[in-house]
Amino acid sequence: MTTVLPVPNLAAIGPEILVTVLACGLLLVDLFIPKDRKRAVGILALAGTVVTALFTMRYWNYSATTFSGMFVVDNFAVIFKEVFLFATAITILISLRYLEIEKVSLGEYYALMLFCTLGMMVMVSAADLVVIYIGLETMALSVYVLSGFMRFNVKSSEAALKYFLVGVFISGILLYGIALTYGVVGSTNLNAIAETIKLKGLKDNPVLMIAMFLLAAGFGLEIAMAPFHFWAPDVYEGSPTPVTAFISVAPKAAAFAALIRVFVVGIGLMAPHWQVLLWVIAALTMTIGNVTAALQSNVKRMLAYSSIAHAGYMLLGILAANTTGLAGVAFYFFAYAFMNMGAFGVIILLRREGIVGDEVDDFKGLAHTNPMAALLMVVFLLSLTGIPPTAGFIGKFLLFSAAIKAGFYWLVVIAVLNSVVSLFYYFRIAQAMYMGEAPDSSIPRPQGAPSLTVAIAIVGILTLFFGIYPHHLVELAKASVTTFIPFL
Amino acid sequence: MSHLLPYMPYALLLLFTLALAVTGLGVIILPNPVHAALALLANLVVTSLLYLVMLGAPFVAMVQLIVYAGAILVFILFVIMLMNLRKEEYTFKVWPMRALLGIGAAAIFFFQIFALNPNFAGKALLGAQGPDAKVLADLIFSKYLMPFELVSLLIFAAAVGAIALAKKKA
C-alpha cells in the first residue's frame with residue numbers, strides 16, 4: 001500500500017516562504033561581502049522585507065486553511081504579519097548605523113531578525129498548539145541571540161542569558177499547558193478543542209483550568225505581563241537598542257495574537273474563567289509597570305516598564321472579548337509600533353562615539369541641539385501617554401470603550417489612573433529636553449545617520465497621521481477580527 | 001519449557017528494570033565522572049532495549065540510541081574532559097530532608113502508575129506492538145508536515161545564532 005501524501009496549499013504560506021528564502025539568501029550573500037560593507041546585507045534585508053510586506057497585503061480577504069488544519073490565513077493573521085514586517089523594516093533602518101558604532105555589524109544579525117519574523121508569522125497563522133509552540137520557539141531563539149549580539153558587552157550577554165533562562169523555563173510551562181489540554185481534549189487543534197469542550201461540557205473541567213493558567217503564563221512571558229515581567233527591564237537595558245525596540249513591539253504582538261487565537265477560538269467557552277484571570281493580571285500589569293517606570297532614571301529601563309504597562313492596557317481588549325476590543329488590540333499594536341520604535345529611535349540618535357545616551361540626563365537640552373528630534377520625541381511621548389491627536393490616543397480610546405461596553409468599569413478606572421501616572425514619567429523626558437541645560441559644546445551634537453532620520457520621520461508622521469485620520473486603519477482592524485465573531 | 005513461555009515477558013521486564021536500577025545507581029554513586037557517564041550510557045542502552053523488546057517500538061528504540069547514547073552522551077563526555085573533573089570526595093551521609101524528598105517523589109510516581117491507570121497490572125506487556133517507523137513517517141509527512149518542516153528552520157536559526165555569537169572580534 002502506498003500512502004498518498006496530501007498536497008498542502010502552498011500559496012497560503014507564500015509570505016512565510018518568501019521570508020525563509022530571504023533569510024537564507026542573506027546568509028549566502030553575506031559570505032561575499034567584505035567585513036566593512038555589511039551594511040549592504042542590511043539594505044538587502046530591508047528591500048526584501050518591504051517586498052514581503054507588499055506581497056502579504058495581497059492576502060487580505062484571502063482565507064484558507066491548510067496543512068491538515070494547522071495553518072490558517074485570515075485577515076487577523078495578515079494584519080499582524082504586517083505589524084511584524086513593519087517593525088522589522090524599521091528595526092533594520094535604525095540598526096544600520098548603530099551596529100557599526102557598536103562594532104558588531106554582521107550579516108547574521110539581519111538573517112536572525114528575519115528568522116524571528118518567520119517564527120512570529122507562523123505563530124499568528126497557527127491553528128494548532130504544536131505549531132504555535134514551534135513558531136514561538138523559532139522567534140524566541142532568534143531573539144535570545146539578537147539581545148546578546150553585542151557579545152563583548154557584559155550587559156548584553158547578561159541580557160541574552162537572562163532572557164534565555166527565563167524563556168526556556170516558561171517554554172516548559174507552556175508545553176505543560178499544551179500537554180494537559182491534549183490530555184483532556186485529545187487534540188491540539190484549536191477548533192477541535194473548542195468542539196470537544198462544547199460537546200462534552202468540559203468548560204469547568206479543573207485540569208483544563210490548570211492548562212488555561214499555564215497557557216496564559218507561557219504567552220505572558222513574551223508579553224511581559226505581571227508576574228512574568230521581571231526579565232524585561234534587564235533585557236531591554238542590556239540589549240542593543242534597535243533590538244530592544246524590536247522586542248518591545250514584535251514578539252509582544254505575536255504572543256498577543258496567539259493568546260487571542262487560543263483563548264477566543266480554542267477555549268472561548270471558558271471565557272468566564274479566563275476573564276477573571278485576565279482582570280487581575282491586567283490590573284497588576286498596568287499598575288506595576290507604571291509605578292515602577294516612574295522610579296527609573298535610565299530611559300531604556302523606563303520604556304521597558306512602560307511597555308509592561310502597555311501590555312496591561314492591551315489585555316483590556318482581550319478581556320472585553322468583543323469586536324471593538326480585539327480590533328483595538330490590532331490597532332494598538334500599529335500605534336505602539338509607531339510610537340515605541342520612534343522613542344527608541346531617538347535614544348539611538350543620542351548614541352555617539354563615546355556616549356551611551358540612554359539616561360534621562362542625556363536628553364537635557366536636546367531641544368537646542370537637535371530641535372526636530374526633540375519635537376518628534378514629544379509626539380511619541382504624547383502618543384505613549386494617550387493624548388490626542390496621536391495614534392496612541394485612538395488605540396487607548398478603542399480599548400477602554402470596549403472594556404466599558406463589556407462592563408469592566410473598575411478596570412477602566414484603574415487604567416485611566418495609570419495613564420495619569422504615565423504622564424508624569426514620560427514628561428520628565430520632555431522636561432529634560434526643553435528645560436534642561438544643554439551640555440557644553442565640546443560634546444558632539446546628536447546627529448542621526450540618514451537611515452535613522454528616515455525611520456524616525458516615518459514613524460513620527462504615521463503616529464500623527466493615524467491620530468488625525470484613524471478611520472481607515474480602524475476599519476481594517478475591525479475587518480480583521482471578523483473571523484472571531486462566531487466565537488464571541 | 002513451553003509452559004514457562006507466558007512468564008517470559010515478566011522475567012525480561014524484571015531483568016531490564018534491575019539493570020536500569022543498577023546502572024542508574026552507578027550514575028550517582030561512582031566517584032569517577034567518566035565512570036558515571038559510562039554507567040549513564042549503559043542505562044540509556046537498557047532503556048532502548050526496553051522500548052525494543054517490551055513495547056515493540058523499534059523506531060523509538062533506535063532514536064533513543066542515536067540521540068541519547070550517540071549525541072547527548074558525547075556532549076557530557078566532552079564537558080567532563082573540558083572541565084578536567086577529578087574524583088568526587090564522597091561522603092555517605094543521608095540527609096533527612098533529601099530522603100524525605102526522595103520518598104515523596106517515589107510516592108508520586110507510584111500514585112500516578114496505580115491510581116491513574118488502574119488497569120496497570122501487566123496488561124500492556126504481552127505482545128505489545130508500538131508504532132513503527134512507517135506509522136510515524138506517515139504522520140510526519142502528512143498530518144504533521146508543517147511542524148516537521150518548521151523544526152528544521154528552528155534548528156537552522158539556532159545554529160546560525162550560535163555561530164554568530166561565537167565569532168571572533170572583528
# chains A, B, ... in the order shown; residues from 1 in each chain; ligands from 1
>>> interface_residues(of="chain B", to="chain A", cutoff="6 Å", atoms="only C-alpha atoms", output="list of chain:residue names")
B:Ser142, B:Lys143, B:Pro147, B:Leu154, B:Gly161
>>> atom_distance(atom1="atom CA of Leu20 of chain B", atom2="atom CA of Val46 of chain B")
6.5 Å
>>> atom_distance(atom1="atom CA of Gly460 of chain A", atom2="atom CA of Leu473 of chain A")
16.4 Å
>>> select_by_dssp(residues="chain B", states="alpha helix (DSSP H)", output="VMD selection string")
chain B and resid 8 to 29 33 to 53 58 to 64 73 to 83 96 to 115 133 to 141 145 to 166
>>> residues_around(residues="segment 193-205 of chain A", least_positions_apart="4", cutoff="12 Å", atoms="only C-alpha atoms", output="compact mmCIF listing (two decimals) with C-alpha atoms, in the first residue's frame")
# COMPACT_ATOMS: atom_id res chain seq x y z
CA ALA A 127 -4.44 26.99 14.45
CA ASP A 128 -2.72 24.22 16.34
CA LEU A 129 -0.93 24.41 19.67
CA ILE A 178 -0.40 22.16 25.90
CA LEU A 180 -2.68 18.98 29.78
CA THR A 181 -5.01 20.38 27.14
CA TYR A 182 -4.20 17.45 24.89
CA GLY A 183 -4.70 15.08 27.78
CA VAL A 184 -8.20 16.35 28.48
CA VAL A 185 -9.41 17.12 24.98
CA GLY A 186 -7.44 14.67 22.87
CA SER A 187 -6.37 17.18 20.25
CA THR A 188 -4.10 20.16 19.83
CA ASN A 189 -6.15 21.72 17.06
CA MET A 209 -8.44 25.28 34.13
CA ILE A 210 -4.85 24.48 35.13
CA ALA A 211 -3.98 24.24 31.46
CA MET A 212 -5.54 27.67 30.92
CA ARG A 261 -6.47 32.88 18.99
CA VAL A 262 -6.03 30.28 21.72
CA PHE A 263 -8.30 31.94 24.26
CA VAL A 264 -11.05 33.11 21.92
CA VAL A 265 -11.11 30.26 19.40
CA GLY A 266 -9.75 27.36 21.46
CA ILE A 267 -11.13 27.88 24.94
CA GLY A 268 -13.66 30.59 24.21
CA LEU A 269 -16.31 28.73 26.19
CA MET A 270 -14.16 29.14 29.27
CA ALA A 271 -14.35 32.92 28.93
CA PRO A 272 -15.93 33.48 32.37
CA HIS A 273 -12.87 31.81 33.91
CA TRP A 274 -10.16 33.49 31.90
CA PRO A 486 -18.77 33.16 15.85
CA PHE A 487 -16.71 32.59 18.99
>>> atom_distance(atom1="atom CA of Ala457 of chain A", atom2="atom CA of Ile94 of chain A")
11.5 Å
>>> residues_around(residues="Leu73 of chain B", least_positions_apart="3", cutoff="9 Å", atoms="only C-alpha atoms", output="JSON, numbers by chain")
{"B": [37, 38, 40, 41, 67, 68, 69, 70, 76, 77, 78]}
>>> write_last_selection(atoms="N, CA, C and O atoms", output="PDB file, in the first residue's frame")
ATOM      1  N   ALA B  37      29.525   8.572  33.672  1.00  0.00           N
ATOM      2  CA  ALA B  37      28.983   8.797  32.327  1.00  0.00           C
ATOM      3  C   ALA B  37      28.800   7.467  31.607  1.00  0.00           C
ATOM      4  O   ALA B  37      27.820   7.270  30.880  1.00  0.00           O
ATOM      5  N   LEU B  38      29.749   6.536  31.812  1.00  0.00           N
ATOM      6  CA  LEU B  38      29.612   5.238  31.158  1.00  0.00           C
ATOM      7  C   LEU B  38      28.419   4.470  31.726  1.00  0.00           C
ATOM      8  O   LEU B  38      27.708   3.775  30.992  1.00  0.00           O
ATOM      9  N   LEU B  40      25.772   5.875  32.757  1.00  0.00           N
ATOM     10  CA  LEU B  40      24.625   6.508  32.100  1.00  0.00           C
ATOM     11  C   LEU B  40      24.424   5.928  30.711  1.00  0.00           C
ATOM     12  O   LEU B  40      23.302   5.662  30.281  1.00  0.00           O
ATOM     13  N   LEU B  41      25.539   5.689  30.007  1.00  0.00           N
ATOM     14  CA  LEU B  41      25.449   5.087  28.681  1.00  0.00           C
ATOM     15  C   LEU B  41      24.763   3.726  28.768  1.00  0.00           C
ATOM     16  O   LEU B  41      23.844   3.433  27.998  1.00  0.00           O
ATOM     17  N   VAL B  67      20.080   9.432  19.576  1.00  0.00           N
ATOM     18  CA  VAL B  67      20.043  10.760  20.161  1.00  0.00           C
ATOM     19  C   VAL B  67      20.730  10.785  21.517  1.00  0.00           C
ATOM     20  O   VAL B  67      21.642  11.574  21.750  1.00  0.00           O
ATOM     21  N   TYR B  68      20.307   9.887  22.416  1.00  0.00           N
ATOM     22  CA  TYR B  68      20.828   9.972  23.780  1.00  0.00           C
ATOM     23  C   TYR B  68      22.203   9.352  23.895  1.00  0.00           C
ATOM     24  O   TYR B  68      23.161  10.015  24.296  1.00  0.00           O
ATOM     25  N   ALA B  69      22.290   8.045  23.526  1.00  0.00           N
ATOM     26  CA  ALA B  69      23.579   7.378  23.679  1.00  0.00           C
ATOM     27  C   ALA B  69      24.593   7.957  22.690  1.00  0.00           C
ATOM     28  O   ALA B  69      25.771   8.097  22.998  1.00  0.00           O
ATOM     29  N   GLY B  70      24.129   8.329  21.515  1.00  0.00           N
ATOM     30  CA  GLY B  70      25.054   8.811  20.495  1.00  0.00           C
ATOM     31  C   GLY B  70      25.469  10.242  20.710  1.00  0.00           C
ATOM     32  O   GLY B  70      26.642  10.563  20.839  1.00  0.00           O
ATOM     33  N   ILE B  76      28.204  15.123  27.074  1.00  0.00           N
ATOM     34  CA  ILE B  76      28.518  15.048  28.501  1.00  0.00           C
ATOM     35  C   ILE B  76      29.987  14.693  28.688  1.00  0.00           C
ATOM     36  O   ILE B  76      30.694  15.308  29.485  1.00  0.00           O
ATOM     37  N   LEU B  77      30.476  13.734  27.882  1.00  0.00           N
ATOM     38  CA  LEU B  77      31.886  13.350  27.996  1.00  0.00           C
ATOM     39  C   LEU B  77      32.798  14.516  27.625  1.00  0.00           C
ATOM     40  O   LEU B  77      33.825  14.752  28.254  1.00  0.00           O
ATOM     41  N   PHE B  78      32.393  15.272  26.598  1.00  0.00           N
ATOM     42  CA  PHE B  78      33.149  16.455  26.196  1.00  0.00           C
ATOM     43  C   PHE B  78      33.300  17.408  27.368  1.00  0.00           C
ATOM     44  O   PHE B  78      34.388  17.891  27.674  1.00  0.00           O
TER      45      PHE B  78
END
